[in-house]
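**Q** If you scroll down you'll find the structure; I have some questions about it.
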Amino acid sequence: MPTPARTSVDAIVRAGREILDADGLDALTMQRVAGAVGVRAPSLYKRVRDRDALVRLVAADVLAELGARIDAAAGGEDPASNLRAIAEAFRAWARAHRGSYELLFSRLPDAWQPDAGTDPMAGTFAGLFDTVRALAGPDEVLDASRLVVAWASGFVGMELAGAFRLGGDVDGAFTYGVDRLVLAIRR
């Protein structure tokens, strides 16, 4: 009779996310995750081939969670209000999951990229694309979506890095920026 499994891929991914958000990408190691799920590192390799596969699994989970939050924020009738809610949801998520944010918005080695031929972003952020399409129109959806993501990730990245040192109301600046984005992309 085979020995019962002492862990699962889901438990490994959950532990990886906790480590990533607490201590960053460098801390996301097979040894550390194995310890967190209560097995020795060699046992972890029965479920996850190597660190590259571990990072890909964690990144896919991060994308799914962020996509679900964005889709939930985009549930209203007014696209301008939806875009504001999406931006706030993104900002709150990044603040709560700093390591996950950094994983998504940093240059990753090819071995950590999604499998060739798949685009994990395409279905993950339907709420954002639908909202931007309603504001900017179908011909401008990609460019306008890129503008929104670039602005929001830049703002949040600077905020997380403590780069807003001139004083003033950072929350007010965020709201101001989102309001200007709505005006800029609305047809």
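By order in the structure tokens, chains are A, B, ...; within a chain, residues start at 1; ligands start at 1, following the order shown.
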Among segment 27-137 of chain A, which residues carry a DSSP assignment of alpha helix (DSSP H), reported as number ranges by chain?
**A** A: 30-37, 41-44, 51-73, 79-96, 98-104, 120-124, 126-136
**Q** Neighbouring residues of Gln31 of chain A were defined as those with any atom within 9 Å, considering only C-alpha atoms; residues of the same chain fewer than 6 positions away were excluded. Please report them as a VMD selection string.
**A** chain A and resid 40 to 42 44
**Q** Write to file, as an mmCIF file, in the first residue's frame, the residues of the selection just made, with all heavy atoms.
**A**
```cif
data_model
loop_
_atom_site.group_PDB
_atom_site.id
_atom_site.type_symbol
_atom_site.label_atom_id
_atom_site.label_comp_id
_atom_site.auth_asym_id
_atom_site.auth_seq_id
_atom_site.Cartn_x
_atom_site.Cartn_y
_atom_site.Cartn_z
ATOM 1 N N ARG A 40 10.396 17.103 4.053
ATOM 2 C CA ARG A 40 11.780 17.385 3.708
ATOM 3 C C ARG A 40 11.826 17.742 2.230
ATOM 4 O O ARG A 40 10.976 17.327 1.447
ATOM 5 C CB ARG A 40 12.648 16.175 4.026
ATOM 6 C CG ARG A 40 12.698 15.957 5.536
ATOM 7 C CD ARG A 40 13.571 14.826 5.985
ATOM 8 N NE ARG A 40 14.673 14.543 5.100
ATOM 9 C CZ ARG A 40 15.237 13.363 4.956
ATOM 10 N NH1 ARG A 40 14.769 12.351 5.651
ATOM 11 N NH2 ARG A 40 16.249 13.181 4.145
ATOM 12 N N ALA A 41 12.821 18.508 1.847
ATOM 13 C CA ALA A 41 12.918 19.000 0.464
ATOM 14 C C ALA A 41 12.814 17.890 -0.579
ATOM 15 O O ALA A 41 12.114 18.064 -1.584
ATOM 16 C CB ALA A 41 14.193 19.813 0.278
ATOM 17 N N PRO A 42 13.448 16.742 -0.400
ATOM 18 C CA PRO A 42 13.312 15.705 -1.429
ATOM 19 C C PRO A 42 11.855 15.277 -1.672
ATOM 20 O O PRO A 42 11.481 14.947 -2.789
ATOM 21 C CB PRO A 42 14.154 14.544 -0.885
ATOM 22 C CG PRO A 42 15.175 15.194 -0.011
ATOM 23 C CD PRO A 42 14.450 16.358 0.614
ATOM 24 N N LEU A 44 9.297 17.229 -1.548
ATOM 25 C CA LEU A 44 8.656 18.283 -2.317
ATOM 26 C C LEU A 44 8.815 18.045 -3.817
ATOM 27 O O LEU A 44 7.909 18.338 -4.603
ATOM 28 C CB LEU A 44 9.253 19.638 -1.926
ATOM 29 C CG LEU A 44 8.448 20.871 -2.271
ATOM 30 C CD1 LEU A 44 7.139 20.882 -1.500
ATOM 31 C CD2 LEU A 44 9.245 22.120 -1.945
#
```
**Q** Considering only C-alpha atoms, can you say which of A:Leu83, A:Met30, A:Val132, A:Ala73 comes closest to Ile12 of chain A?
**A** A:Met30
**Q** Restricting the calculation to only C-alpha atoms: of A:Gly127, A:Ser106, A:Ala36, A:Tyr45, which residue gets closest to Gly67 of chain A?
**A**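 Using only C-alpha atoms, Gly67 of chain A sits closest to A:Gly127.
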**Q** Applying 9 Å and only C-alpha atoms, which residues near segment 151-164 of chain A remain after dropping the ones on its own chain fewer than 6 positions away? List them as number ranges by chain.
**A** A: 87, 90-91, 94-95, 98, 101-102, 105, 170, 174, 177-178, 181
**Q** Looking at A:Arg187, A:Arg6, A:Arg56, A:Arg51, which one is nearest to Leu104 of chain A, with distances taken over only C-alpha atoms?
**A**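 Closest candidate: A:Arg56.
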**Q** So which residues touch Asp21 of chain A within 8 Å, counting only C-alpha atoms, skipping near sequence neighbours fewer than 4 positions away, as a PyMOL selection string?
**A** chain A and resi 17+97-100
**Q** Using only C-alpha atoms, determine which residues lie at most 9 Å from Ala89 of chain A, disregarding the query and same-chain residues fewer than 5 positions distant; provide the list as a ChimeraX atom specification.
**A** /A:66,69-70,72-73,84,94
**Q** Dump C-alpha atoms for the selected residues as a compact mmCIF listing (two decimals), in the first residue's frame?
**A**
```txt
# COMPACT_ATOMS: atom_id res chain seq x y z
CA LEU A 66 -5.43 39.44 -8.68
CA ARG A 69 -10.16 40.86 -7.33
CA ILE A 70 -10.15 43.02 -10.43
CA ALA A 72 -15.05 41.65 -8.64
CA ALA A 73 -14.22 45.37 -8.59
CA ARG A 84 -11.82 53.64 -9.99
CA ALA A 94 -0.39 45.24 -3.84
```
